[in-house]
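**Student:** Below you'll find target_26.cif; it's mmCIF, C-alpha atoms.
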data_start
#
loop_
_atom_site.label_atom_id
_atom_site.label_comp_id
_atom_site.auth_asym_id
_atom_site.auth_seq_id
_atom_site.Cartn_x
_atom_site.Cartn_y
_atom_site.Cartn_z
CA MET A 28 190.11 -167.40 129.87
CA VAL A 29 190.04 -171.13 129.12
CA LEU A 30 189.77 -171.55 125.33
CA ILE A 31 190.55 -175.19 124.50
CA THR A 32 190.57 -178.24 126.74
CA MET A 33 191.91 -181.57 125.47
CA ILE A 34 192.62 -184.90 127.13
CA ALA A 35 194.79 -187.59 125.53
CA ARG A 36 196.45 -190.91 126.34
CA LEU A 37 200.16 -190.46 127.01
CA ALA A 38 201.28 -193.78 125.48
CA ASP A 39 200.19 -192.98 121.91
CA GLY A 40 198.72 -189.46 121.95
CA LEU A 41 195.17 -190.73 121.27
CA PRO A 42 192.68 -187.88 121.98
CA LEU A 43 190.13 -189.03 124.56
CA ALA A 44 187.98 -185.93 125.10
CA ALA A 45 187.95 -182.28 124.07
CA SER A 46 186.07 -179.00 124.35
CA MET A 47 186.58 -175.77 122.44
CA GLN A 48 185.39 -172.22 123.04
CA GLU A 49 182.63 -171.33 120.58
CA ASP A 50 183.78 -168.35 118.55
CA GLU A 51 183.11 -168.20 114.81
CA GLN A 52 185.54 -165.33 114.23
CA SER A 53 188.36 -167.20 115.97
CA GLY A 54 187.43 -170.60 114.58
CA ARG A 55 190.38 -170.83 112.21
CA SER A 56 193.03 -169.85 114.73
CA PHE A 57 191.54 -172.20 117.33
CA MET A 58 191.77 -175.00 114.80
CA ASP A 59 195.47 -174.22 114.38
CA TYR A 60 195.95 -174.44 118.15
CA GLN A 61 194.01 -177.70 118.25
CA ASN A 62 196.38 -179.14 115.64
CA GLN A 63 199.34 -177.93 117.69
CA ALA A 64 197.86 -179.67 120.73
CA LYS A 65 197.56 -182.95 118.81
CA MET A 66 201.20 -182.67 117.74
CA LEU A 67 202.19 -182.00 121.35
CA PHE A 68 200.44 -185.18 122.44
CA LYS A 69 202.60 -187.10 119.98
CA LYS A 70 205.79 -185.55 121.39
CA LEU A 71 205.09 -186.20 125.07
CA ASN A 72 206.29 -189.37 126.77
CA GLN A 73 207.18 -190.80 130.18
CA GLN A 74 210.32 -188.62 130.34
CA SER A 75 208.42 -185.36 129.72
CA PRO A 76 207.91 -182.91 132.62
CA SER A 77 204.73 -183.78 134.53
CA LYS A 78 203.65 -180.13 134.43
CA CYS A 79 204.65 -177.56 131.85
CA SER A 80 203.57 -174.30 130.22
CA ILE A 81 204.24 -173.90 126.50
CA GLU A 82 203.97 -170.48 124.90
CA SER A 83 202.36 -170.23 121.48
CA ASN A 84 201.92 -166.50 120.97
CA PRO A 85 199.63 -164.89 121.81
CA MET A 86 198.32 -167.88 123.79
CA VAL A 87 199.83 -170.43 126.14
CA PHE A 88 199.30 -174.16 126.62
CA HIS A 89 199.37 -175.61 130.12
CA TYR A 90 199.49 -179.37 130.51
CA MET A 91 199.64 -181.92 133.30
CA ILE A 92 200.43 -185.64 133.06
CA GLU A 93 198.75 -187.93 135.57
CA VAL A 94 198.45 -191.74 135.55
CA GLY A 95 199.19 -192.10 131.83
CA VAL A 96 196.84 -189.31 130.75
CA VAL A 97 197.69 -185.82 129.47
CA TYR A 98 195.37 -182.95 130.46
CA LEU A 99 195.93 -179.84 128.35
CA VAL A 100 194.35 -176.39 128.28
CA LEU A 101 194.89 -173.37 126.02
CA CYS A 102 194.53 -170.01 127.75
CA GLU A 103 195.16 -166.36 127.06
CA LYS A 104 198.60 -165.34 128.35
CA GLN A 105 197.18 -163.07 131.02
CA TYR A 106 195.12 -165.87 132.53
CA ALA A 107 196.58 -166.81 135.93
CA LYS A 108 198.80 -169.88 135.76
CA ARG A 109 197.65 -170.91 139.24
CA LEU A 110 194.06 -171.07 138.04
CA ALA A 111 195.01 -172.97 134.88
CA PHE A 112 196.72 -175.75 136.83
CA ALA A 113 193.97 -175.82 139.45
CA TYR A 114 191.55 -176.31 136.53
CA LEU A 115 193.67 -179.18 135.17
CA GLU A 116 193.81 -180.78 138.61
CA GLU A 117 190.02 -180.79 138.93
CA LEU A 118 189.76 -182.08 135.39
CA HIS A 119 192.06 -184.98 136.23
CA GLN A 120 190.21 -185.91 139.41
CA GLU A 121 186.82 -186.12 137.70
CA PHE A 122 188.11 -187.83 134.54
CA TYR A 123 190.05 -190.40 136.57
CA SER A 124 187.04 -191.21 138.74
CA GLN A 125 184.88 -191.84 135.66
CA TYR A 126 187.17 -193.43 133.08
CA SER A 127 190.42 -194.65 134.69
CA LYS A 128 189.62 -198.33 134.05
CA ARG A 129 188.79 -197.77 130.38
CA VAL A 130 191.59 -195.45 129.25
CA SER A 131 193.99 -198.21 128.22
CA THR A 132 191.37 -200.20 126.28
CA VAL A 133 189.78 -197.65 123.93
CA THR A 134 190.95 -197.46 120.31
CA ARG A 135 188.77 -194.72 118.78
CA PRO A 136 189.59 -190.99 119.13
CA TYR A 137 187.34 -189.03 121.50
CA SER A 138 185.83 -192.15 123.05
CA PHE A 139 184.82 -190.08 126.09
CA ILE A 140 183.36 -187.11 124.23
CA GLU A 141 180.44 -187.02 126.69
CA PHE A 142 182.92 -185.71 129.26
CA ASP A 143 182.46 -182.34 127.52
CA THR A 144 179.43 -181.77 129.76
CA PHE A 145 181.66 -181.69 132.83
CA ILE A 146 184.33 -179.66 131.02
CA GLN A 147 181.81 -176.95 130.13
CA LYS A 148 180.58 -176.78 133.71
CA LEU A 149 184.12 -176.60 135.10
CA LYS A 150 185.18 -174.06 132.49
CA LYS A 151 182.30 -171.79 133.48
CA SER A 152 183.36 -171.87 137.13
CA TYR A 153 186.87 -170.77 136.13
CA THR A 154 185.58 -168.06 133.79
CA ASP A 155 183.02 -166.44 136.08
CA THR A 156 184.84 -163.72 138.07
CA ARG A 157 182.73 -164.23 141.18
CA ALA A 158 183.18 -168.01 141.04
CA ARG A 159 186.96 -167.64 140.59
CA ARG A 160 187.14 -165.70 143.85
CA ASN A 161 185.69 -168.72 145.66
CA ILE A 162 188.25 -171.21 144.29
CA SER A 163 190.34 -171.54 147.42
CA ASN A 164 190.71 -175.32 147.70
CA ILE A 165 193.84 -175.63 145.57
CA ASN A 166 196.40 -178.36 146.31
CA THR A 167 199.58 -177.17 148.02
CA GLU A 168 201.70 -178.43 145.14
CA LEU A 169 199.87 -176.03 142.80
CA GLN A 170 200.61 -172.97 144.91
CA ASP A 171 204.18 -172.54 143.69
CA VAL A 172 203.39 -172.47 139.97
CA GLN A 173 206.45 -170.34 139.23
CA ARG A 174 208.57 -173.49 139.39
CA ILE A 175 206.65 -175.08 136.52
CA MET A 176 208.76 -175.17 133.37
CA VAL A 177 207.93 -172.72 130.58
CA GLN A 178 208.86 -173.60 127.00
CA ASN A 179 208.21 -172.33 123.49
CA ILE A 180 206.01 -174.30 121.09
CA ASP A 181 208.59 -174.14 118.26
CA ASP A 182 211.36 -175.43 120.53
CA VAL A 183 209.20 -178.32 121.68
CA MET A 184 208.28 -179.29 118.13
CA GLN A 185 211.89 -178.99 116.93
CA ARG A 186 213.16 -181.07 119.83
CA GLY A 187 210.59 -183.69 118.96
CA VAL A 188 211.96 -183.84 115.41
CA ALA A 189 215.52 -184.09 116.71
CA ILE A 190 214.55 -186.90 119.07
CA SER A 191 212.83 -188.68 116.20
CA VAL A 192 215.98 -188.40 114.08
CA LEU A 193 218.10 -189.75 116.93
CA ASP A 194 215.68 -192.64 117.38
CA ASP A 195 215.98 -193.44 113.66
CA LYS A 196 219.77 -193.32 113.84
CA ALA A 197 219.78 -195.52 116.93
CA SER A 198 217.51 -197.98 115.15
CA ASN A 199 219.82 -198.02 112.11
CA LEU A 200 222.87 -198.56 114.30
CA SER A 201 221.10 -201.41 116.06
CA SER A 202 220.29 -203.03 112.70
CA LEU A 203 223.89 -202.62 111.51
CA SER A 204 225.17 -204.09 114.76
CA LYS A 205 222.95 -207.16 114.36
CA LYS A 206 224.08 -207.57 110.75
CA TYR A 207 227.74 -207.26 111.81
CA LYS A 208 227.25 -209.96 114.45
CA GLN A 209 225.58 -212.26 111.93
CA ASP A 210 228.35 -211.68 109.37
CA ALA A 211 231.04 -212.24 111.99
CA LYS A 212 229.38 -215.46 113.10
CA TYR A 213 229.18 -216.63 109.48
CA LEU A 214 232.85 -215.80 108.83
CA ASN A 215 233.95 -217.54 112.02
CA GLN A 216 232.03 -220.63 111.00
CA ARG A 217 233.64 -220.58 107.55
CA SER A 218 237.07 -220.20 109.14
CA ARG A 219 236.47 -223.20 111.41
CA ASN A 220 235.21 -225.29 108.49
CA ALA A 221 238.30 -224.36 106.43
CA LYS A 222 240.62 -225.40 109.27
CA ILE A 223 238.81 -228.72 109.70
CA ALA A 224 238.94 -229.33 105.94
CA ALA A 225 242.70 -228.60 105.91
CA VAL A 226 243.32 -231.07 108.74
CA VAL A 227 241.22 -233.73 107.00
CA ILE A 228 243.14 -233.23 103.72
CA LEU A 229 246.51 -233.41 105.48
CA LEU A 230 245.44 -236.56 107.29
CA ALA A 231 244.24 -238.13 104.04
CA VAL A 232 247.53 -237.28 102.28
CA PHE A 233 249.49 -238.71 105.20
CA LEU A 234 247.51 -241.96 105.12
CA ILE A 235 247.96 -242.27 101.36
CA TYR A 236 251.69 -241.65 101.80
CA LEU A 237 251.96 -244.35 104.46
CA ARG A 238 250.05 -246.86 102.33
CA TYR A 239 252.10 -246.48 99.17
CA TRP A 240 255.50 -245.76 100.76
CA TRP A 241 255.61 -248.45 103.38
CA PHE A 242 253.43 -251.10 101.81
#
Please express what this file holds, its structure, as structure tokens.
**Tutor:**
Amino acid sequence: MVLITMIARLADGLPLAASMQEDEQSGRSFMDYQNQAKMLFKKLNQQSPSKCSIESNPMVFHYMIEVGVVYLVLCEKQYAKRLAFAYLEELHQEFYSQYSKRVSTVTRPYSFIEFDTFIQKLKKSYTDTRARRNISNINTELQDVQRIMVQNIDDVMQRGVAISVLDDKASNLSSLSKKYKQDAKYLNQRSRNAKIAAVVILLAVFLIYLRYWWF
């Protein structure tokens, strides 16, 4: 069953649209998963796998990255992976056709919240057993879903922290390198000035010597 659907911009993790399963008893846990999804959006980048399944017991996130947009769905573990990625593919096609030219310009979260109408309709078609039997038009690339990487939510979050630490260290090293170059340039300049001053002093002493010794 499709429980949460979220769409975000890859560049900065900005949520663009979302839809959650209405369930008062599960409201708290769904909120936790929604927060996890937002953190995932912040971790993903151009080097991330274009398709991936991330286990967060007892549920699983499936996401797909297309044209700078992340499409993510939370499902029960027993929900067929093939259907989950077929759902994401349809989501992408409709969202791209409606909002592709505006994705890079929006600044407010959930700028396309009206897309929930389509999400609800699509979700229903993937929840209804009879409708699911009729979903046969699935792209060839989605057939072999076993090849899609499966990760654990804790590992993904931890790796994100490690990457962040490495980025900070790289930034610090870059700053130190620039400072070293500036200091080296300053010292070289001082060394040249000292050499020039020494030559000038020697020349002055020599001229004074010539003046008083020979004249």
**Student:** As a check of understanding, name the residues that the PyMOL selection byres ((chain A and resi 105) around 10) selects in the supplied structure, as an MDAnalysis selection string.
**Tutor:** chainID A and resid 28 85:87 102:104 106:108
**Student:** Hey, can you spit out that residue selection with C-alpha atoms as a PDB file, in the frame of the given file?
**Tutor:**
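In the end it all went to out07.pdb:
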ATOM      1  CA  MET A  28     190.110-167.400 129.870  1.00  0.00           C
ATOM      2  CA  PRO A  85     199.630-164.890 121.810  1.00  0.00           C
ATOM      3  CA  MET A  86     198.320-167.880 123.790  1.00  0.00           C
ATOM      4  CA  VAL A  87     199.830-170.430 126.140  1.00  0.00           C
ATOM      5  CA  CYS A 102     194.530-170.010 127.750  1.00  0.00           C
ATOM      6  CA  GLU A 103     195.160-166.360 127.060  1.00  0.00           C
ATOM      7  CA  LYS A 104     198.600-165.340 128.350  1.00  0.00           C
ATOM      8  CA  TYR A 106     195.120-165.870 132.530  1.00  0.00           C
ATOM      9  CA  ALA A 107     196.580-166.810 135.930  1.00  0.00           C
ATOM     10  CA  LYS A 108     198.800-169.880 135.760  1.00  0.00           C
TER      11      LYS A 108
END
**Student:** Record the distance separating atom CA of A:Gly95 and atom CA of A:Asn72, expressed in Å with one decimal.
**Tutor:**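 According to the coordinates, atom CA of A:Gly95 and atom CA of A:Asn72 are separated by 9.1 Å.
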**Student:** So that I can see what lies close to A:Gln74, please list as a ChimeraX atom specification the residues with an atom at most 12 Å from it, counting all atoms listed in the file and leaving out residues fewer than 3 positions away in the same chain.
**Tutor:** /A:37-38,70-71,77-78,92,95
**Student:** Show me the residues around (194.3, -181.0, 130.2) - criterion: an atom at most 7 Å away, all atoms listed in the file counted - as a ChimeraX atom specification.
**Tutor:** /A:32-34,90-91,97-100,115,118
**Student:** Using all atoms listed in the file, which residue out of A:Ala45, A:Asp39, A:Met66, A:Ser127 lies closest to A:Phe142?
**Tutor:**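 Checking each of A:Ala45, A:Asp39, A:Met66, A:Ser127 against A:Phe142, counting all atoms listed in the file, the winner is A:Ala45.
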